[in-house]
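Engineer: What follows is protein-v3.csv, made up of CSV, C-alpha atoms and all ligand atoms:
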chain,number,residue,atom,x,y,z
A,207,MET,CA,193.5,-80.8,-12.8
A,208,ASN,CA,190.4,-82.9,-12.9
A,209,LYS,CA,188.6,-81.5,-15.9
A,210,GLU,CA,185.3,-83.2,-15.3
A,211,LEU,CA,185.2,-82.0,-11.7
A,212,HIS,CA,185.9,-78.4,-12.7
A,213,GLU,CA,183.1,-78.3,-15.3
A,214,MET,CA,181.0,-77.4,-12.3
A,215,LYS,CA,178.5,-80.2,-12.8
A,216,TYR,CA,177.1,-79.7,-9.3
A,217,LEU,CA,176.2,-76.1,-10.1
A,218,ALA,CA,174.9,-77.0,-13.5
A,219,GLU,CA,172.4,-79.3,-11.8
A,220,LYS,CA,171.2,-76.6,-9.5
A,221,VAL,CA,170.8,-74.2,-12.5
A,222,ALA,CA,168.9,-76.9,-14.4
A,223,ASP,CA,166.6,-77.3,-11.5
A,224,LEU,CA,165.8,-73.6,-11.4
A,225,LYS,CA,165.0,-73.7,-15.1
A,226,ALA,CA,162.8,-76.8,-14.7
A,227,LYS,CA,160.8,-74.9,-12.1
A,228,GLY,CA,160.4,-71.8,-14.2
A,229,LEU,CA,162.4,-69.8,-11.7
A,230,TYR,CA,165.5,-69.0,-13.8
A,231,ARG,CA,165.8,-65.4,-14.8
A,232,THR,CA,167.9,-63.4,-17.2
A,233,LEU,CA,168.4,-59.8,-16.4
A,234,PRO,CA,167.0,-57.0,-18.6
A,235,VAL,CA,169.7,-54.4,-19.3
A,236,ASN,CA,168.8,-50.7,-18.7
A,237,GLN,CA,170.6,-48.7,-21.3
A,238,GLY,CA,170.5,-45.4,-19.3
A,239,ALA,CA,169.7,-43.9,-15.9
A,240,CYS,CA,167.1,-45.1,-13.5
A,241,GLU,CA,164.2,-42.9,-14.7
A,242,PRO,CA,160.4,-43.5,-14.5
A,243,VAL,CA,160.6,-44.8,-18.1
A,244,LEU,CA,163.6,-47.0,-19.0
A,245,GLN,CA,165.2,-47.7,-22.3
A,246,LEU,CA,165.9,-51.5,-22.6
A,247,ALA,CA,167.8,-52.9,-25.6
A,248,ASP,CA,164.7,-53.4,-27.7
A,249,ARG,CA,161.9,-51.3,-26.1
A,250,GLU,CA,160.9,-48.6,-23.6
A,251,VAL,CA,159.3,-49.7,-20.4
A,252,ILE,CA,157.6,-48.0,-17.5
A,253,ASN,CA,159.8,-48.6,-14.5
A,254,LEU,CA,157.8,-49.8,-11.5
A,255,CYS,CA,160.5,-51.6,-9.7
A,256,SER,CA,163.3,-49.3,-8.5
A,257,ASN,CA,163.9,-48.1,-5.0
A,258,ASN,CA,164.6,-44.7,-6.4
A,259,TYR,CA,161.5,-43.3,-4.5
A,260,LEU,CA,162.3,-39.7,-4.8
A,261,SER,CA,163.7,-39.8,-8.4
A,262,LEU,CA,167.1,-38.5,-7.1
A,263,ALA,CA,169.2,-41.2,-8.8
A,264,ASN,CA,169.5,-39.1,-12.0
A,265,ASP,CA,169.0,-35.6,-10.4
A,266,ALA,CA,171.1,-32.8,-11.9
A,267,ARG,CA,171.9,-31.4,-8.5
A,268,LEU,CA,173.3,-34.7,-7.2
A,269,LYS,CA,175.3,-35.3,-10.4
A,270,GLU,CA,176.8,-31.8,-10.2
A,271,ALA,CA,177.8,-32.5,-6.6
A,272,ALA,CA,179.4,-35.8,-7.6
A,273,ILE,CA,181.3,-34.3,-10.5
A,274,LYS,CA,182.7,-31.5,-8.2
A,275,ALA,CA,183.7,-34.1,-5.6
A,276,ILE,CA,185.5,-36.1,-8.3
A,277,GLU,CA,187.4,-33.0,-9.3
A,278,ARG,CA,188.5,-32.3,-5.7
A,279,TYR,CA,188.8,-35.8,-4.2
A,280,GLY,CA,189.3,-38.1,-7.1
A,281,VAL,CA,187.3,-41.2,-8.0
A,282,GLY,CA,188.4,-43.4,-5.1
A,283,ALA,CA,189.3,-42.9,-1.5
A,284,GLY,CA,192.4,-45.0,-1.9
A,285,ALA,CA,192.1,-47.1,1.3
A,286,VAL,CA,189.9,-48.2,4.0
A,287,ARG,CA,188.6,-45.4,6.2
A,288,THR,CA,190.7,-46.4,9.2
A,289,ILE,CA,193.9,-46.0,7.2
A,290,VAL,CA,193.8,-43.0,4.8
A,291,GLY,CA,190.4,-43.4,3.2
A,292,ASN,CA,188.8,-40.9,5.5
A,293,GLN,CA,188.3,-37.7,3.4
A,294,SER,CA,186.6,-34.5,4.6
A,295,ILE,CA,183.6,-35.3,2.4
A,296,HIS,CA,182.9,-38.5,4.4
A,297,GLU,CA,183.0,-36.5,7.7
A,298,GLU,CA,180.7,-33.9,6.1
A,299,LEU,CA,178.2,-36.5,5.1
A,300,GLU,CA,178.1,-38.0,8.6
A,301,LYS,CA,177.5,-34.6,10.1
A,302,ALA,CA,174.7,-33.8,7.6
A,303,LEU,CA,173.1,-37.1,8.3
A,304,ALA,CA,173.3,-36.7,12.1
A,305,GLU,CA,171.6,-33.3,11.9
A,306,PHE,CA,168.9,-34.6,9.6
A,307,LYS,CA,168.2,-37.6,11.7
A,308,LYS,CA,168.4,-35.6,15.0
A,309,VAL,CA,170.9,-38.0,16.6
A,310,GLU,CA,174.4,-37.6,18.1
A,311,ARG,CA,176.2,-39.4,15.3
A,312,CYS,CA,175.8,-41.3,12.1
A,313,PHE,CA,178.4,-43.9,11.0
A,314,ILE,CA,178.6,-44.5,7.2
A,315,TYR,CA,179.1,-47.8,5.4
A,316,GLN,CA,179.5,-48.8,1.8
A,317,SER,CA,175.9,-50.1,1.7
A,318,GLY,CA,172.9,-50.8,3.8
A,319,TYR,CA,173.8,-54.5,3.7
A,320,ASP,CA,177.3,-53.8,5.0
A,321,CYS,CA,175.8,-51.5,7.7
A,322,ASN,CA,173.6,-54.3,9.1
A,323,ILE,CA,176.2,-57.1,9.0
A,324,GLY,CA,179.0,-54.8,10.3
A,325,THR,CA,177.0,-53.1,13.1
A,326,ILE,CA,175.3,-56.2,14.4
A,327,GLN,CA,178.6,-58.1,14.5
A,328,ALA,CA,180.3,-55.2,16.3
A,329,ILE,CA,177.7,-54.5,19.0
A,330,CYS,CA,176.5,-58.1,19.9
A,331,ASP,CA,178.3,-60.8,21.8
A,332,LYS,CA,177.9,-64.5,22.5
A,333,GLU,CA,176.3,-64.0,25.9
A,334,ASP,CA,173.5,-61.9,24.3
A,335,LEU,CA,170.0,-62.7,23.2
A,336,LEU,CA,169.1,-61.4,19.7
A,337,ILE,CA,165.4,-61.3,19.0
A,338,SER,CA,164.2,-60.8,15.4
A,339,ASP,CA,160.9,-60.3,13.6
A,340,GLN,CA,160.3,-63.2,11.2
A,341,LEU,CA,160.2,-61.0,8.2
A,342,ASN,CA,163.3,-58.9,8.8
A,343,HIS,CA,165.6,-58.2,5.8
A,344,ALA,CA,168.3,-60.7,4.8
A,345,SER,CA,171.0,-58.3,5.9
A,346,ILE,CA,169.8,-58.4,9.5
A,347,ILE,CA,169.5,-62.2,9.4
A,348,ASP,CA,173.1,-62.4,7.9
A,349,GLY,CA,174.4,-60.0,10.6
A,350,MET,CA,172.8,-62.1,13.3
A,351,ARG,CA,174.3,-65.3,11.8
A,352,MET,CA,177.7,-63.8,12.3
A,353,VAL,CA,177.3,-63.5,16.0
A,354,LYS,CA,177.6,-66.6,18.3
A,355,ALA,CA,174.7,-65.3,20.4
A,356,THR,CA,171.3,-67.0,21.3
A,357,LYS,CA,168.7,-66.0,18.6
A,358,GLN,CA,165.0,-66.1,18.8
A,359,VAL,CA,162.4,-65.1,16.1
A,360,TYR,CA,158.9,-63.9,16.7
A,361,ALA,CA,156.0,-64.2,14.3
A,362,HIS,CA,155.7,-61.1,12.1
A,363,SER,CA,154.8,-58.1,14.2
A,364,ASN,CA,153.4,-60.3,17.0
A,365,MET,CA,153.9,-58.2,20.1
A,366,GLU,CA,152.5,-60.8,22.5
A,367,GLU,CA,155.1,-63.2,21.3
A,368,LEU,CA,157.8,-60.6,21.6
A,369,GLU,CA,156.8,-59.8,25.1
A,370,ALA,CA,156.8,-63.5,26.1
A,371,LEU,CA,160.3,-63.8,24.7
A,372,LEU,CA,161.5,-60.8,26.7
A,373,GLN,CA,159.9,-62.0,29.9
A,374,ALA,CA,161.4,-65.4,29.6
A,375,ALA,CA,164.8,-63.9,28.9
A,376,GLN,CA,165.0,-61.8,32.1
A,377,GLY,CA,168.2,-62.4,34.0
A,378,LYS,CA,169.6,-65.0,31.5
A,379,TYR,CA,171.7,-62.9,29.1
A,380,HIS,CA,174.2,-60.1,29.2
A,381,ASN,CA,172.3,-57.9,26.7
A,382,ILE,CA,169.1,-58.3,24.9
A,383,PHE,CA,168.6,-56.8,21.4
A,384,ILE,CA,165.3,-56.4,19.4
A,385,PHE,CA,165.8,-56.2,15.7
A,386,THR,CA,163.1,-55.0,13.3
A,387,ASP,CA,162.7,-53.5,9.9
A,388,GLY,CA,161.0,-50.1,10.1
A,389,VAL,CA,159.2,-50.7,6.8
A,390,PHE,CA,158.9,-54.3,5.8
A,391,SER,CA,160.1,-54.3,2.2
A,392,MET,CA,158.1,-57.1,0.7
A,393,ASP,CA,154.7,-56.1,2.1
A,394,GLY,CA,155.1,-52.4,2.8
A,395,ASP,CA,153.7,-52.6,6.4
A,396,LEU,CA,155.3,-50.7,9.3
A,397,ALA,CA,156.7,-52.2,12.4
A,398,ASN,CA,154.8,-51.4,15.6
A,399,LEU,CA,157.7,-49.3,16.8
A,400,PRO,CA,155.8,-47.6,19.7
A,401,LYS,CA,155.0,-51.0,21.2
A,402,ILE,CA,158.5,-52.4,20.5
A,403,VAL,CA,160.1,-49.4,22.2
A,404,GLU,CA,157.7,-49.7,25.2
A,405,LEU,CA,158.5,-53.4,25.6
A,406,ALA,CA,162.3,-52.7,25.2
A,407,GLU,CA,162.1,-50.0,27.9
A,408,LYS,CA,160.0,-52.3,30.2
A,409,TYR,CA,162.3,-55.3,29.9
A,410,GLY,CA,165.7,-53.6,29.5
A,411,ALA,CA,166.5,-54.4,25.9
A,412,PHE,CA,168.2,-52.4,23.1
A,413,THR,CA,166.3,-51.6,20.0
A,414,TYR,CA,167.7,-51.8,16.4
A,415,VAL,CA,165.6,-50.6,13.5
A,416,ASP,CA,166.5,-51.2,9.8
A,417,ASP,CA,164.8,-48.2,8.2
A,418,ALA,CA,166.1,-48.8,4.7
A,419,HIS,CA,162.7,-48.2,3.1
A,420,GLY,CA,161.6,-45.7,5.7
A,421,SER,CA,164.5,-43.3,4.9
A,422,GLY,CA,163.3,-40.6,2.6
A,423,THR,CA,159.7,-41.9,2.5
A,424,MET,CA,158.4,-41.8,6.1
A,425,GLY,CA,158.3,-39.0,8.7
A,426,SER,CA,158.7,-35.3,8.3
A,427,HIS,CA,160.9,-34.6,5.2
A,428,GLY,CA,161.7,-38.3,5.0
A,429,ARG,CA,163.4,-38.6,8.4
A,430,GLY,CA,162.1,-42.1,8.7
A,431,THR,CA,159.8,-44.3,10.8
A,432,VAL,CA,161.3,-43.2,14.1
A,433,ASP,CA,160.3,-39.6,13.2
A,434,HIS,CA,156.9,-40.9,11.9
A,435,PHE,CA,156.2,-42.4,15.4
A,436,ASN,CA,157.8,-39.5,17.2
A,437,LEU,CA,160.3,-41.8,19.0
A,438,HIS,CA,163.4,-39.6,18.7
A,439,GLY,CA,166.1,-40.6,21.3
A,440,ARG,CA,164.3,-43.9,22.2
A,441,VAL,CA,165.7,-46.2,19.5
A,442,ASP,CA,169.4,-47.2,20.1
A,443,PHE,CA,170.4,-48.0,16.5
A,444,VAL,CA,168.6,-46.8,13.4
A,445,VAL,CA,170.0,-48.0,10.0
A,446,GLY,CA,169.4,-46.0,6.9
A,447,THR,CA,170.4,-46.6,3.3
A,448,LEU,CA,171.7,-44.1,0.8
A,449,SER,CA,170.8,-46.5,-2.0
A,450,LYS,CA,167.1,-46.1,-2.2
A,451,ALA,CA,165.2,-42.8,-1.7
A,452,ILE,CA,168.6,-41.0,-1.4
A,453,GLY,CA,169.3,-42.2,-4.9
A,454,VAL,CA,173.0,-43.1,-4.5
A,455,LYS,CA,174.8,-45.9,-2.7
A,456,GLY,CA,175.8,-46.5,0.9
A,457,GLY,CA,174.3,-47.0,4.3
A,458,TYR,CA,174.6,-45.6,7.8
A,459,VAL,CA,173.7,-46.2,11.4
A,460,ALA,CA,172.3,-43.4,13.5
A,461,CYS,CA,173.4,-43.9,17.1
A,462,LYS,CA,175.0,-42.4,20.2
A,463,GLU,CA,178.6,-40.9,20.2
A,464,VAL,CA,180.0,-43.9,22.2
A,465,SER,CA,178.4,-46.4,19.8
A,466,TYR,CA,180.1,-44.5,16.9
A,467,GLN,CA,183.4,-44.7,18.7
A,468,TRP,CA,183.1,-48.4,19.1
A,469,LEU,CA,181.9,-49.0,15.6
A,470,SER,CA,184.9,-47.1,14.2
A,471,HIS,CA,187.1,-49.6,15.9
A,472,ARG,CA,185.2,-52.8,15.2
A,473,ALA,CA,182.9,-52.6,12.2
A,474,ARG,CA,184.5,-55.1,9.9
A,475,PRO,CA,183.1,-53.8,6.5
A,476,VAL,CA,184.6,-50.4,7.3
A,477,LEU,CA,187.9,-51.8,8.7
A,478,PHE,CA,188.5,-54.2,5.9
A,479,SER,CA,186.9,-52.7,2.8
A,480,THR,CA,187.6,-49.4,1.0
A,481,THR,CA,185.2,-46.6,2.0
A,482,LEU,CA,182.5,-45.0,-0.1
A,483,SER,CA,183.7,-43.2,-3.2
A,484,PRO,CA,183.9,-39.4,-3.0
A,485,ALA,CA,181.2,-39.1,-5.8
A,486,ASP,CA,178.7,-41.2,-3.9
A,487,THR,CA,179.4,-39.4,-0.7
A,488,ALA,CA,179.0,-36.0,-2.1
A,489,ALA,CA,175.8,-36.9,-4.1
A,490,ALA,CA,174.3,-38.4,-0.9
A,491,LYS,CA,175.2,-35.3,1.0
A,492,LYS,CA,173.5,-33.1,-1.6
A,493,ALA,CA,170.4,-35.4,-1.4
A,494,ILE,CA,170.2,-34.9,2.4
A,495,GLU,CA,170.4,-31.1,1.9
A,496,ILE,CA,167.6,-31.3,-0.6
A,497,LEU,CA,165.4,-33.3,1.7
A,498,THR,CA,166.1,-31.0,4.6
A,499,GLU,CA,165.0,-27.9,2.7
A,500,ASP,CA,162.1,-29.3,0.7
A,501,ASP,CA,159.6,-32.1,1.1
A,502,SER,CA,157.9,-31.8,-2.3
A,503,LEU,CA,159.5,-34.9,-3.7
A,504,GLN,CA,158.2,-36.9,-0.8
A,505,LYS,CA,154.7,-35.5,-1.3
A,506,GLN,CA,154.8,-36.4,-5.0
A,507,LEU,CA,155.9,-39.9,-4.1
A,508,TRP,CA,153.0,-40.4,-1.7
A,509,ASP,CA,150.6,-38.9,-4.2
A,510,ASN,CA,151.7,-41.3,-6.9
A,511,SER,CA,151.7,-44.4,-4.6
A,512,ARG,CA,148.2,-43.7,-3.3
A,513,TYR,CA,147.0,-43.2,-6.9
A,514,ILE,CA,148.3,-46.5,-8.2
A,515,LYS,CA,147.4,-48.4,-5.1
A,516,GLU,CA,143.8,-47.3,-5.4
A,517,LYS,CA,143.6,-48.1,-9.1
A,518,LEU,CA,145.1,-51.6,-8.7
A,519,THR,CA,142.9,-52.4,-5.7
A,520,ALA,CA,139.8,-51.3,-7.5
A,521,LEU,CA,140.6,-53.7,-10.4
A,522,GLY,CA,140.5,-56.6,-7.9
A,523,PHE,CA,144.2,-57.2,-7.3
A,524,ASN,CA,145.3,-58.4,-3.8
A,525,THR,CA,147.5,-55.4,-2.7
A,526,GLY,CA,148.0,-56.7,0.8
A,527,HIS,CA,148.1,-54.2,3.7
A,528,SER,CA,150.8,-51.8,2.8
A,529,GLU,CA,151.1,-48.5,4.8
A,530,THR,CA,153.9,-47.1,2.7
A,531,PRO,CA,154.7,-46.3,-0.9
A,532,ILE,CA,155.5,-50.1,-1.5
A,533,THR,CA,152.5,-51.8,-3.2
A,534,PRO,CA,152.7,-55.6,-3.4
A,535,VAL,CA,150.4,-57.3,-5.9
A,536,ILE,CA,150.1,-60.8,-4.5
A,537,ILE,CA,149.7,-63.6,-7.0
A,538,GLY,CA,150.5,-66.6,-4.9
A,539,ASP,CA,152.0,-69.3,-7.1
A,540,GLU,CA,155.7,-68.7,-7.9
A,541,ALA,CA,155.8,-69.8,-11.5
A,542,LYS,CA,152.6,-67.8,-12.3
A,543,THR,CA,154.1,-64.8,-10.6
A,544,MET,CA,157.2,-65.1,-12.8
A,545,ARG,CA,155.0,-65.5,-15.9
A,546,PHE,CA,153.0,-62.5,-15.0
A,547,SER,CA,156.0,-60.2,-14.5
A,548,LYS,CA,157.5,-61.5,-17.8
A,549,ALA,CA,154.3,-60.8,-19.7
A,550,LEU,CA,154.1,-57.3,-18.2
A,551,LEU,CA,157.7,-56.6,-19.2
A,552,GLU,CA,156.9,-57.7,-22.8
A,553,ARG,CA,154.0,-55.3,-22.9
A,554,GLY,CA,156.0,-52.4,-21.5
A,555,VAL,CA,155.8,-52.5,-17.6
A,556,PHE,CA,158.8,-53.4,-15.6
A,557,VAL,CA,157.9,-54.8,-12.1
A,558,SER,CA,160.0,-57.4,-10.3
A,559,ALA,CA,158.7,-60.8,-9.4
A,560,ILE,CA,159.4,-61.6,-5.8
A,561,VAL,CA,159.2,-65.3,-4.9
A,562,PHE,CA,160.5,-67.8,-2.4
A,563,PRO,CA,163.0,-67.6,-0.6
A,564,THR,CA,162.7,-63.8,-0.5
A,565,VAL,CA,159.0,-64.2,0.6
A,566,PRO,CA,157.3,-67.2,2.1
A,567,ALA,CA,156.5,-70.0,-0.4
A,568,GLY,CA,153.1,-69.6,-2.1
A,569,THR,CA,153.0,-65.8,-1.6
A,570,GLY,CA,154.8,-64.8,-4.9
A,571,ARG,CA,154.1,-61.2,-5.9
A,572,VAL,CA,155.1,-58.4,-8.1
A,573,ARG,CA,156.1,-55.4,-6.2
A,574,VAL,CA,155.0,-52.0,-7.5
A,575,MET,CA,157.4,-49.2,-6.7
A,576,VAL,CA,156.5,-45.7,-8.0
A,577,GLN,CA,158.8,-42.7,-8.0
A,578,ALA,CA,158.1,-39.0,-7.3
A,579,LYS,CA,158.6,-38.2,-11.0
A,580,HIS,CA,156.2,-40.7,-12.5
A,581,THR,CA,153.4,-38.8,-14.4
A,582,LYS,CA,149.8,-39.8,-13.9
A,583,GLU,CA,149.7,-40.7,-17.7
A,584,GLN,CA,152.5,-43.2,-17.1
A,585,LEU,CA,150.8,-44.7,-14.1
A,586,ASP,CA,147.4,-45.0,-16.0
A,587,LYS,CA,149.2,-46.7,-18.9
A,588,ALA,CA,150.9,-49.1,-16.5
A,589,VAL,CA,147.6,-49.9,-14.8
A,590,ALA,CA,145.8,-50.6,-18.1
A,591,ILE,CA,148.6,-53.1,-19.0
A,592,PHE,CA,148.3,-54.7,-15.6
A,593,ALA,CA,144.6,-55.2,-16.1
A,594,ALA,CA,144.9,-56.6,-19.7
A,595,VAL,CA,147.6,-59.1,-18.8
A,596,ALA,CA,146.0,-60.2,-15.6
A,597,LYS,CA,142.6,-60.8,-17.3
A,598,GLU,CA,144.3,-62.9,-20.0
A,599,MET,CA,146.0,-64.9,-17.3
A,600,GLY,CA,142.9,-65.3,-15.2
A,601,ILE,CA,144.4,-63.4,-12.2
A,602,ILE,CA,141.5,-61.0,-12.1
A,603,SER,CA,138.1,-61.3,-13.7
A,701,LIG,N1,167.6,-53.3,4.6
A,701,LIG,C1,166.5,-53.4,3.9
A,701,LIG,C2,165.2,-53.6,4.6
A,701,LIG,C3,166.5,-53.5,2.5
A,701,LIG,O1,165.4,-53.6,1.7
A,701,LIG,C4,167.8,-53.4,1.8
A,701,LIG,C5,167.9,-53.3,0.3
A,701,LIG,N2,167.3,-54.4,-0.4
A,701,LIG,C6,169.0,-53.2,2.6
A,701,LIG,C7,168.8,-53.2,3.9
A,701,LIG,C8,170.3,-53.1,1.9
A,701,LIG,O2,170.5,-51.8,1.5
A,701,LIG,P1,171.6,-51.5,0.3
A,701,LIG,O3,171.0,-51.7,-1.0
A,701,LIG,O4,172.0,-50.1,0.6
A,701,LIG,O5,172.7,-52.5,0.6
Rewrite the coordinates I just gave you, this time as structure tokens.
Ligand code: PMP

Structural biologist:
Amino acid sequence: MNKELHEMKYLAEKVADLKAKGLYRTLPVNQGACEPVLQLADREVINLCSNNYLSLANDARLKEAAIKAIERYGVGAGAVRTIVGNQSIHEELEKALAEFKKVERCFIYQSGYDCNIGTIQAICDKEDLLISDQLNHASIIDGMRMVKATKQVYAHSNMEELEALLQAAQGKYHNIFIFTDGVFSMDGDLANLPKIVELAEKYGAFTYVDDAHGSGTMGSHGRGTVDHFNLHGRVDFVVGTLSKAIGVKGGYVACKEVSYQWLSHRARPVLFSTTLSPADTAAAKKAIEILTEDDSLQKQLWDNSRYIKEKLTALGFNTGHSETPITPVIIGDEAKTMRFSKALLERGVFVSAIVFPTVPAGTGRVRVMVQAKHTKEQLDKAVAIFAAVAKEMGIIS
């Protein structure tokens, strides 16, 4: 063995480069559940960076459902779904999701990420054209990379450019797919789904919407952006995650029966990786039941997000043009963004810094994510700390 070689000098150099640029991070450790206030090793902090929009991640009803599922089904499914990992709880979750989303079928995956890479790979082919919004999530991009098709990217939400691509593609490909996030996770803006659907219908393309951040937050009772725009039945594939507003872990694609049948034979993350745990599955099913019956958590979420957005904007922060509960606070310079988030954490507010390559270079930001269960006192305290730190750093005057 070449000891020098295996000391990983080439990786050490990359890590040193991150450190030199002020981009190296160590992860704070949460000592308990994902609540509005978190207990870190040495202090309590207000949690403004989770995707636990509806505060369901530590909800007693979901925990009870998970415990009951463990008692009946065990802690692991024991195999991939296509062998013997298909338990009745998995079927029940799919049925509940399909009713909730008002679609023929929902096909579950172990995560939203798996759902995108698995679905895209299974439904697209090398003779196809895959058209993608420039700001789509990494899991759409990774899914597209796995297909040997022609790929084209349009400037963010630029519908003229999308139409030009569709026009130019006529007659040249087997199938055309348009991929978009429903809610863009770094800016919180919505895709122009009515226009995308109109163009897809005009030019004979399939539509694929990743609604990870729209699930549980947008539309009636959190049915998502397709419901928000009243486009039921007109989007071919709608991806949802169980890992954000639903509070658990997993993903699914809402689709036609025949798409479900094909995916269950070809979706590689499902074919080659063990299925969702019974506890996760049962907890997610309970969350869907709660959302179906009651939209009060969704209302609390929106109330809190409007509240903090207004306060931060009034202080002079650049909060972008979000249309959803996501509030970006755009700082610009990457290293300054990292310093800002670190200083906030030291003073008791936990928001994540988001920098290149997750967002374009020079648009570093901290992303403020409230939950339904934050109190106004907690939000006021967080805003006061934002103001104090930002003034000290010259971010606001
Ligand atoms: N799509 C989008 C738009 C996301 O923001 C995320 C999570 N960051 C995912 C998919 C992946 O979801 P999951 O965490 O369930 O893998």

Engineer: Take atom CA of Leu477 of chain A and atom CA of Val281 of chain A and report the distance between them in Å, one decimal.

Structural biologist: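 Atom CA of Val281 of chain A lies at a distance of 19.8 Å from atom CA of Leu477 of chain A.
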
Engineer: Given all atoms listed in the file as the basis, pick out the residue of A:Asp348, A:Glu210, A:Glu300, A:Glu540 nearest to ligand LIG 701 (chain A).

Structural biologist: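 Comparing A:Asp348, A:Glu210, A:Glu300, A:Glu540 against ligand LIG 701 (chain A), the winner is A:Asp348.
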
Engineer: Hey, which residues come within 8 Å of ligand LIG 701 (chain A) if we count all atoms listed in the file? Could you give them as a PDB file with C-alpha atoms, in the coordinates of the input?

Structural biologist:
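The resulting file, selection.pdb, is shown below:
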ATOM      1  CA  GLN A 316     179.500 -48.800   1.800  1.00  0.00           C
ATOM      2  CA  SER A 317     175.900 -50.100   1.700  1.00  0.00           C
ATOM      3  CA  GLY A 318     172.900 -50.800   3.800  1.00  0.00           C
ATOM      4  CA  TYR A 319     173.800 -54.500   3.700  1.00  0.00           C
ATOM      5  CA  ASP A 320     177.300 -53.800   5.000  1.00  0.00           C
ATOM      6  CA  CYS A 321     175.800 -51.500   7.700  1.00  0.00           C
ATOM      7  CA  ASN A 322     173.600 -54.300   9.100  1.00  0.00           C
ATOM      8  CA  ASN A 342     163.300 -58.900   8.800  1.00  0.00           C
ATOM      9  CA  HIS A 343     165.600 -58.200   5.800  1.00  0.00           C
ATOM     10  CA  ALA A 344     168.300 -60.700   4.800  1.00  0.00           C
ATOM     11  CA  SER A 345     171.000 -58.300   5.900  1.00  0.00           C
ATOM     12  CA  ILE A 346     169.800 -58.400   9.500  1.00  0.00           C
ATOM     13  CA  ASP A 387     162.700 -53.500   9.900  1.00  0.00           C
ATOM     14  CA  GLY A 388     161.000 -50.100  10.100  1.00  0.00           C
ATOM     15  CA  VAL A 389     159.200 -50.700   6.800  1.00  0.00           C
ATOM     16  CA  PHE A 390     158.900 -54.300   5.800  1.00  0.00           C
ATOM     17  CA  SER A 391     160.100 -54.300   2.200  1.00  0.00           C
ATOM     18  CA  ASP A 416     166.500 -51.200   9.800  1.00  0.00           C
ATOM     19  CA  ASP A 417     164.800 -48.200   8.200  1.00  0.00           C
ATOM     20  CA  ALA A 418     166.100 -48.800   4.700  1.00  0.00           C
ATOM     21  CA  HIS A 419     162.700 -48.200   3.100  1.00  0.00           C
ATOM     22  CA  VAL A 445     170.000 -48.000  10.000  1.00  0.00           C
ATOM     23  CA  GLY A 446     169.400 -46.000   6.900  1.00  0.00           C
ATOM     24  CA  THR A 447     170.400 -46.600   3.300  1.00  0.00           C
ATOM     25  CA  LEU A 448     171.700 -44.100   0.800  1.00  0.00           C
ATOM     26  CA  SER A 449     170.800 -46.500  -2.000  1.00  0.00           C
ATOM     27  CA  LYS A 450     167.100 -46.100  -2.200  1.00  0.00           C
ATOM     28  CA  LYS A 455     174.800 -45.900  -2.700  1.00  0.00           C
ATOM     29  CA  GLY A 456     175.800 -46.500   0.900  1.00  0.00           C
ATOM     30  CA  GLY A 457     174.300 -47.000   4.300  1.00  0.00           C
TER      31      GLY A 457
END

Engineer: Determine, counting only C-alpha atoms, which protein, DNA and RNA residues have an atom within 9 Å of an atom of Gly410 of chain A; residues of the same chain fewer than 3 positions away are not included. Present the result as a PDB file with C-alpha atoms, in the frame of the given file.

Structural biologist:
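Result file result_24.pdb:
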ATOM      1  CA  LEU A 372     161.500 -60.800  26.700  1.00  0.00           C
ATOM      2  CA  GLN A 376     165.000 -61.800  32.100  1.00  0.00           C
ATOM      3  CA  ASN A 381     172.300 -57.900  26.700  1.00  0.00           C
ATOM      4  CA  ILE A 382     169.100 -58.300  24.900  1.00  0.00           C
ATOM      5  CA  LEU A 405     158.500 -53.400  25.600  1.00  0.00           C
ATOM      6  CA  ALA A 406     162.300 -52.700  25.200  1.00  0.00           C
ATOM      7  CA  GLU A 407     162.100 -50.000  27.900  1.00  0.00           C
TER       8      GLU A 407
END

Engineer: Show me, as a list in words, the residues that have an atom within 8 Å of segment 519-533 of chain A when counting only C-alpha atoms, minus same-chain residues fewer than 2 positions from it.

Structural biologist: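 The filter keeps Val389, Ser391, Met392, Asp393, Gly394, Asp395, Leu396, Thr423, Met424, Leu507, Trp508, Ser511, Arg512, Lys515, Glu516, Lys517, Val535, Ile536, Ile537, Arg573, Val574, Met575, Val576, Ala593, Ile601, Ile602 and Ser603 of chain A.
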
Engineer: Need to verify the contact set: Leu503 of chain A, 10 Å, only C-alpha atoms, exclusion of same-chain residues closer than 3 positions in sequence. Can you return it as a PyMOL selection string?

Structural biologist: chain A and resi 259-262+422-423+427-428+451+496-497+500+506-509+577-579

Engineer: Taking only C-alpha atoms into account, which of A:Pro242, A:Gly324, A:Pro475, A:Pro234 comes nearest Gly349 of chain A?

Structural biologist: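 That would be A:Gly324, the residue with the smallest distance to Gly349 of chain A.
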
Engineer: Tell me which protein, DNA and RNA residues are within 12 Å of Gln373 of chain A, counting all atoms listed in the file, leaving out same-chain ones fewer than 2 positions away, and put them as a PyMOL selection string.

Structural biologist: chain A and resi 366-371+375-379+382+405-406+408-411
